[in-house]
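*Asks:* One structure is given below, represented as structure tokens, and several questions about it will come after.
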Amino acid sequence: MGLRVGVDTGGTFTDLCAWDEEAGTLHVHKISSTPDDPSRAILDGVEQLLHKAGGRLISDVTYFAHGTTVGTNTLLTGTGVPTGLITTLGFRDLLELGRGRRPDMYDPQADKATPLVPRSLRREVHERVRFDGSVAVQLDVDEVRRTVRELKDAGVRAIAVCFLYSYLRPDHEQEVAQIITEEFPEAYVSLSSVVLPEFREYERLSTVVTNAFVGPVVDRYLSRLRDQLASRGLLVVPRVTQSNGGVIPFSMAERIPVRLVLSGPSTGVVGAAEICLLAGHPEIITFDMGGTSSDVSLVRHGEPQVTAGMELDGRPIRAPMLDIHTVGAGGGSIAWIDSGEHLRVGPQSAGANPGPACYGVGLEPSVTDANVALHLLNPEYLLNGEMPISEEASKKALGTIGDRLGLDVQQTALGILRVVTANMARAIRVVSVQRGYDPRDYALVPFGGAGPLHASRLARELGMTRIVVPQTPGAQSALGLLMTDVRTDFMRTQITAFDPSDPAPINAVLQALSGEADAWFDAEGSAPEDRHQVRRLEMRYRGQNFELPIDLDSAQQLDAAALEEVLDHFHAAHERVYGYASPGDPVEIVTYRVQAVGRADRVDVSRKDPEIGSADEALVAHRDIYLSEPRGFVRCPVYDRALLRHGAELAGPAVIEQMDTTTVLLPGDNCRVDAHRNLVIDVGGTDE
Amino acid sequence: MSDTRDTILIEVVSSALASIVEEMSETLVKAAFSPNIKERRDCTASLFDAEGQAIAQDEGGSPLHLGSLMGIVKAIRERHAEDAISEGDVFIGNDPYTGGGSHLPDIVLASPIYVDGQLTAWAATLAHHADFGDRGHAHIYQEAIRIPPVHLVRRGVLQEELLQLILLNCQIPTERLADLNAQQAAIRTAVDRYLEICARYGRATMRDVGRELLDYTERRTRAAIAAFPDGRYEFTDRFDCPELEGELELPITVTVAGDEITFDFTGAPPQVRASVNVVWTGLFAACYYTLKTLIDPDIPPNAGLYRPVTIVAPQGSILNCEEPAAVNGRSETCQRVVDLIQGALASALPKRVTAAANGANTGVHFSGWDPFRKRNFVYLETIGGGSGARYNKDGLDGVQVHMTNTSNLPVESLESEYPLTVESYELIGDSGGLGQHRGGLGIRRTVRAETNDVHFWLDTSRQFSKPWGLFGGGPGDSARCALSEGAQPVVRGYTVLRSGDSASIETAGAGGYGDPALRDPALVEQDLAAGKISAATAAAYRNAGRISAPE
């Protein structure tokens, strides 16, 4: 038995987790990230973690998974490779025209995203496929050959190819790929029919261009890290997370790197889903609050929800990903007063530099300063005493806006918390009520540095009655890396009239995709008993243009009865999301999806602690905390999370501190530590 | 609420109201059937207080739509006695003269929201139903069926006969029915959510918060206007549309006095026998939209913005038309109103305004019988163009400007639904005005008919004049429409295409800002390499630089 290691690189910290399979113990480590070369923090961190785990060797590591933001950062900083684009004649400007909308209706200063391929490197060739897949204009191969040479001479390192209707007929794109292989074999090539065989040309184009632009960078990063880890003695194949919340080997990630781009927050959600399912909470809303933003996501029946794409920095990216909504509200969000004399919070953030006023450099009040002034955060130090802070600096910063509002420091601080809570509640409504789910049916699962600090207020705002705080909220993403499956997605757009009496065409497409998934399992080396396929149809009423995903229950051939059931599910889903259904109207399938899931033998966190804990053994101090009811400072108990054991029961108001997180219980909240060391909080229900 | 100035509570409730209109709009777009709504998002959503003042509006919605909704609640209440309005009602209307949108394709649905038996708020959606093709625009009776605000649903019961009457007057009734269902679904969502919030905060608090939200917007608006230099600012521009011969002159006088502002269009030409007349709600919407962009894009869009503003336009003029003037193409005119205001205020607010945008809301309409799919079709697209250069940077190339921000229809969706093929969709080099900051480029979109008898109607502007530059910047290029050889020419914006004919629609570029001699030579070279300017234009920039360069 060995050691399973997860390493999550974030903007500020690199979090590491090791699970000792023999001892059944978890080791957590945190180290500052090294953005100029993320591998430095990873290698140093792994060394320190192994030391912490009892002086183990890297060759003891039996599983290594990595979450990285290298793809995201490459995009956000525009540091991909020079990229060329080949399109159908007449459409090279589509990359710039997009869907025609300007970025902000009312702000004349707003700019569109700069195209990742400049106009001079966007080339058109003669070819045209029609909407029915027939060829109207044959590909001009001589022109393609000339074009590839020109792009090579122009110094591009990657070429994206996107033709109209390539999802129906990829032949022309494949011919171009062949020519590139002949003329310019060292180029990184991305075909839209490979990266995203789905309709809507602009979204497909934007995705394939993004893939080409970041591809070589991700490629270089992963292969270098793989070599470094191997040279230090890592024996297993390292894996990396994708935006769908699953992991794949580094070598596979290099093929469609765009699927990594939004992977950052995904493993935290996967880990939370897993931990909460085990603890008996299959329906949760995750709330990951960091320094500059919060990510929220809904988990149903223990399964994170997936979506087919989103926009990053004004550029659409279509790739299977967890449905995570981000809002610019974090601990560093700055409070300010607008021209109508209203208190506002964010989206400007003090970030890590200058940081909240209490760090001693910045002068503007942030959400963290509000928590310090109310003593919800320890007013003297953070990070287990490693980081001294100044309450006076927080109060001074708060005073600057409090004077204008006519409020004292504490009232100002409470106001900031109410406004930021409203902003976060709005984000949660997006992933719940806007998708047809009532947040009151879900438990709130806070993590990230600041999640547990704000959860009780947020739950009240949304009428949620249950909060589950996992054991290591500050390292949730790294822990999640140890709980995720190996998974990848296969999809095809083929608009099909949904006729239950004729299952053959539907089975044919699903079977073809299943075949691709099986081939992938073979390459991945999954044992037959670990293989699992999740099949999904994206359906709509004929004439609509947004599809609803309908899961298929079994991996079997579908017969008429099974299809009738699928149709019922579709009508029900439509009713839930849009408030009506039209049984009898024609329905069609737009996209078929098969997700290949290889069960990794995951960390077993199902071990239950004996029920012997009590609150008293974890009580370490008392602190005056400012509450709105009764208005004023109240002496409250402070508990050490590390000393809380199964069975301990705590009542609010109280504060629970751990290395990088503080959990706040408001008056009326009751908390119990469960057998997996989660804090399970029953929310008092009264408004704070 | 103990303290009506509990600004923090107001922020909290305001967030919740914003969530509601956002969700309404998402529901509408996703449940809709017609490409114009589901793909192009040509629709909007609003919440009103009991008196009909807008308290929350969908920020993604078209400003012209938001303005169009201004009068809807008032019109309903004027037409229906208090006891004829009740819970479970849905009103439908589209007539600009009796309370609806600002042109007939915009169909409004509105419902009262009752809390504790009291009428407390209204929810409304507006969607542009792309229908009513090929009917003419001499007067409003030609343009579509006119619907005053009447009950579509009375106490929860659908008024079947009215619905049948409306659908019989539509070219694509199945789409209309489905889209109306989507609008109703959005309204149901709003009612449910509003009641949830009321259950939490209570009716009285919601009423107070609504009032304070309007006061808050008013305060911010007044504070911003007070910072404008006082004065009287005049401007005129030339306006054309394919349906009219020659050009019209549109004048404006803007007066800033303390924290109030007046937009005076005295001298506007009389209404015309063409589609470009504007009803007052359209004109007001254009003024409010422009003011918001000049003040602060972040101001919550509600009726508080209207209070410090006075708008004057002669009755029966093209900018304040009377029945039976046709109004279908009113957005062309509204777009120009925005340019007019910016032109007038350029000297006062040189860093807030932009040079003239492409000056149109180019609408292309194709309709007829689709022999492949055996059905009627009406395809509408509005094509963006250049956006005006700014004091510190170039204008945006090829975007929707000013009062509209609809999406284009993907080619792969368009060709699968209609007997049309898109041959190209591209930027037009050299169409942006010269300047230290270049005007945005116009768009060329070429569409080919795949069947005979395709009726084509173009509504656009700036075919004669050019979008002006500011402070030494040059004008953008004009708009035009070229047909393939042998096609019947476009007369008064209209023609019939045969199979194989194509129409190439070019929208105008936008005006430049500042002396071209001051343009960064690196940007000139970059534009040249990208083909956004020609070698000749690059040379013109270099010469301008040389001439004005000191010895």
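Residue numbering restarts at 1 for every chain of the structure tokens, chains are lettered A, B, ... in their displayed order, and ligands are numbered from 1 as they appear.
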Dump as an MDAnalysis selection string the residues of chain A that approach chain B to within 7 Å, counting only C-alpha atoms.

*Replies:* chainID A and resid 90:91 93:94 97 99:102 105:108 119:120 131 165 199:201 339:340 342:343 415 419 422:423 426 434 543:546 578:580

*Asks:* Selection from above, N, CA and C atoms, as a compact mmCIF listing (two decimals), in the first residue's frame, can you write it?

*Replies:*
```
# COMPACT_ATOMS: atom_id res chain seq x y z
N GLY A 90 -14.94 33.44 -46.99
CA GLY A 90 -15.98 34.40 -46.60
C GLY A 90 -16.16 34.52 -45.10
N PHE A 91 -15.41 33.72 -44.30
CA PHE A 91 -15.71 33.68 -42.86
C PHE A 91 -14.51 33.88 -41.94
N ASP A 93 -13.46 36.57 -40.71
CA ASP A 93 -13.73 37.59 -39.68
C ASP A 93 -14.70 37.12 -38.61
N LEU A 94 -15.24 35.93 -38.79
CA LEU A 94 -16.20 35.44 -37.80
C LEU A 94 -15.59 35.45 -36.39
N LEU A 97 -16.11 38.96 -35.33
CA LEU A 97 -17.51 39.41 -35.32
C LEU A 97 -18.32 38.68 -34.26
N ARG A 99 -20.92 36.82 -32.18
CA ARG A 99 -22.36 36.85 -32.32
C ARG A 99 -22.86 38.27 -32.52
N GLY A 100 -21.96 39.23 -32.70
CA GLY A 100 -22.36 40.58 -33.08
C GLY A 100 -22.65 41.51 -31.92
N ARG A 101 -22.72 40.95 -30.73
CA ARG A 101 -23.05 41.80 -29.58
C ARG A 101 -21.81 42.51 -29.07
N ARG A 102 -21.99 43.73 -28.60
CA ARG A 102 -20.85 44.39 -27.96
C ARG A 102 -20.85 43.99 -26.48
N MET A 105 -23.72 46.87 -22.93
CA MET A 105 -24.72 47.69 -23.61
C MET A 105 -24.52 49.18 -23.34
N TYR A 106 -24.18 49.53 -22.10
CA TYR A 106 -24.23 50.94 -21.71
C TYR A 106 -22.86 51.58 -21.53
N ASP A 107 -21.79 50.82 -21.67
CA ASP A 107 -20.47 51.38 -21.40
C ASP A 107 -19.69 51.56 -22.70
N PRO A 108 -19.57 52.81 -23.19
CA PRO A 108 -18.88 53.03 -24.46
C PRO A 108 -17.39 52.72 -24.38
N ARG A 119 -5.93 39.24 -37.66
CA ARG A 119 -6.57 39.11 -38.97
C ARG A 119 -5.59 38.65 -40.05
N SER A 120 -4.33 39.09 -39.94
CA SER A 120 -3.35 38.74 -40.98
C SER A 120 -3.03 37.25 -40.97
N PHE A 131 -25.85 22.58 -45.30
CA PHE A 131 -26.45 22.20 -44.01
C PHE A 131 -26.82 20.72 -43.94
N TYR A 165 -20.11 23.36 -40.96
CA TYR A 165 -20.70 22.01 -40.95
C TYR A 165 -19.67 20.88 -40.81
N PHE A 199 -22.75 21.85 -33.49
CA PHE A 199 -23.14 22.95 -34.36
C PHE A 199 -23.09 24.30 -33.65
N ARG A 200 -23.24 25.36 -34.42
CA ARG A 200 -23.05 26.77 -34.07
C ARG A 200 -21.58 27.12 -34.33
N GLU A 201 -21.37 27.71 -35.49
CA GLU A 201 -20.00 27.85 -35.99
C GLU A 201 -19.13 28.77 -35.15
N SER A 339 -22.23 56.94 -6.14
CA SER A 339 -22.67 58.33 -6.24
C SER A 339 -24.10 58.54 -5.73
N GLY A 340 -24.84 57.46 -5.49
CA GLY A 340 -26.17 57.57 -4.90
C GLY A 340 -26.14 57.31 -3.41
N HIS A 342 -25.01 54.72 -1.81
CA HIS A 342 -25.25 53.34 -1.40
C HIS A 342 -23.94 52.62 -1.15
N LEU A 343 -23.98 51.72 -0.17
CA LEU A 343 -22.81 50.90 0.12
C LEU A 343 -22.73 49.77 -0.90
N GLY A 415 -23.00 45.94 7.62
CA GLY A 415 -23.56 46.33 6.33
C GLY A 415 -22.80 45.69 5.18
N VAL A 419 -24.32 43.13 2.33
CA VAL A 419 -24.29 43.38 0.88
C VAL A 419 -23.55 42.26 0.16
N ALA A 422 -25.72 39.27 -0.10
CA ALA A 422 -26.73 39.40 -1.16
C ALA A 422 -26.12 39.09 -2.52
N ASN A 423 -24.88 39.54 -2.75
CA ASN A 423 -24.23 39.25 -4.03
C ASN A 423 -24.03 37.75 -4.22
N ARG A 426 -27.23 35.89 -4.94
CA ARG A 426 -27.63 36.04 -6.34
C ARG A 426 -26.94 34.98 -7.20
N GLN A 434 -32.72 29.40 -11.08
CA GLN A 434 -32.74 29.59 -12.54
C GLN A 434 -32.67 28.26 -13.29
N GLY A 543 -37.73 23.13 -33.26
CA GLY A 543 -37.93 24.56 -33.40
C GLY A 543 -37.26 25.35 -32.28
N GLN A 544 -37.01 24.71 -31.13
CA GLN A 544 -36.28 25.40 -30.08
C GLN A 544 -34.79 25.41 -30.40
N ASN A 545 -34.04 26.17 -29.61
CA ASN A 545 -32.62 26.20 -29.90
C ASN A 545 -31.75 25.98 -28.68
N PHE A 546 -32.38 25.73 -27.54
CA PHE A 546 -31.59 25.34 -26.38
C PHE A 546 -32.05 23.95 -25.99
N TYR A 578 -38.91 25.35 -17.40
CA TYR A 578 -39.59 26.45 -18.08
C TYR A 578 -41.04 26.64 -17.66
N GLY A 579 -41.52 25.77 -16.80
CA GLY A 579 -42.86 25.97 -16.30
C GLY A 579 -43.95 25.42 -17.21
N TYR A 580 -43.60 24.82 -18.33
CA TYR A 580 -44.62 24.17 -19.15
C TYR A 580 -44.00 23.08 -20.00
```

*Asks:* Identify, on the basis of only C-alpha atoms, every residue whose closest approach to Arg435 of chain A does not exceed 9 Å; exclude the query and any residue fewer than 6 positions from it along the same chain; express the result as a ChimeraX atom specification.

*Replies:* /A:429,576-578

*Asks:* Nearest to Met659 of chain A among A:Arg259, A:Arg635, A:Arg623, A:Lys30, with distances taken over only C-alpha atoms: which residue is it?

*Replies:*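 When distances to Met659 of chain A are compared using only C-alpha atoms, the smallest one comes from A:Lys30.
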
*Asks:* Determine, counting only C-alpha atoms, which protein, DNA and RNA residues have an atom within 7 Å of an atom of Ala325 of chain B; residues of the same chain fewer than 2 positions away are not included. Present the result as a PyMOL selection string.

*Replies:* chain B and resi 139-140+271+273+277+321-323+327

*Asks:* Residues near Asp369 of chain A, anyone? I mean within 9 Å using only C-alpha atoms, not counting same-chain ones fewer than 6 positions away, as JSON, numbers by chain.

*Replies:* {"A": [331, 332, 356, 357, 358, 377, 391, 393, 394, 395, 397, 398, 413]}

*Asks:* Do you know which residues are at most 8 Å from Ile187 of chain B counting only C-alpha atoms, after dropping those on the same chain fewer than 4 positions away, and could you put them as a list in words?

*Replies:* Met24, Ala110, Ser111, Ala123, Ala124, Thr125, Gln183 and Val191 of chain B

*Asks:* Write out as a ChimeraX atom specification which residues come within 10 Å of Asp60 of chain A when counting only C-alpha atoms, dropping same-chain ones fewer than 3 positions away.

*Replies:* /A:1-4,20,50,56-57,63,233-236

*Asks:* For Asn358 of chain B, which residue out of B:Leu167, B:Val496, B:Ala510, B:Val279 is the nearest one, using only C-alpha atoms?

*Replies:* B:Ala510

*Asks:* Name the residues in contact with His103 of chain B at a cut-off of 7 Å, using only C-alpha atoms, excluding same-chain residues fewer than 4 positions from it; report them as an MDAnalysis selection string.

*Replies:* chainID B and resid 95:96 327:328

*Asks:* Take the residues just selected and output them with C-alpha atoms as a PDB file, in the first residue's frame.

*Replies:*
```pdb
ATOM      1  CA  ASP B  95     -50.022  48.719 -30.657  1.00  0.00           C
ATOM      2  CA  PRO B  96     -47.748  51.716 -30.156  1.00  0.00           C
ATOM      3  CA  VAL B 327     -43.352  52.729 -37.346  1.00  0.00           C
ATOM      4  CA  ASN B 328     -41.770  49.399 -38.186  1.00  0.00           C
TER       5      ASN B 328
END
```

*Asks:* Measuring between only C-alpha atoms, which one of A:Phe64, A:Phe213, A:Phe13, A:Tyr437 shows the shortest distance to Gly291 of chain A?

*Replies:*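 Residue with the minimum atom-to-atom distance to Gly291 of chain A: A:Phe13.
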
*Asks:* So which one's closest to Ser59 of chain A, A:Glu380, A:Val299, A:Arg232, A:His622? Using only C-alpha atoms, please.

*Replies:*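 Selected residue with least distance to Ser59 of chain A: A:Arg232.
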
*Asks:* Could you please write out, as a ChimeraX atom specification, every residue of segment 170-412 of chain A that DSSP assigns to strand (DSSP E)?

*Replies:* /A:188-191,239-241,247-249,284-289,294-300,303-304,306-312,315-322,324-327,333-337,343-349,381-382,387-388

*Asks:* To one decimal place, how far is atom CA of Gly6 of chain A from atom CA of Thr77 of chain A in Å?

*Replies:*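 Between atom CA of Gly6 of chain A and atom CA of Thr77 of chain A the gap works out to 26.1 Å.
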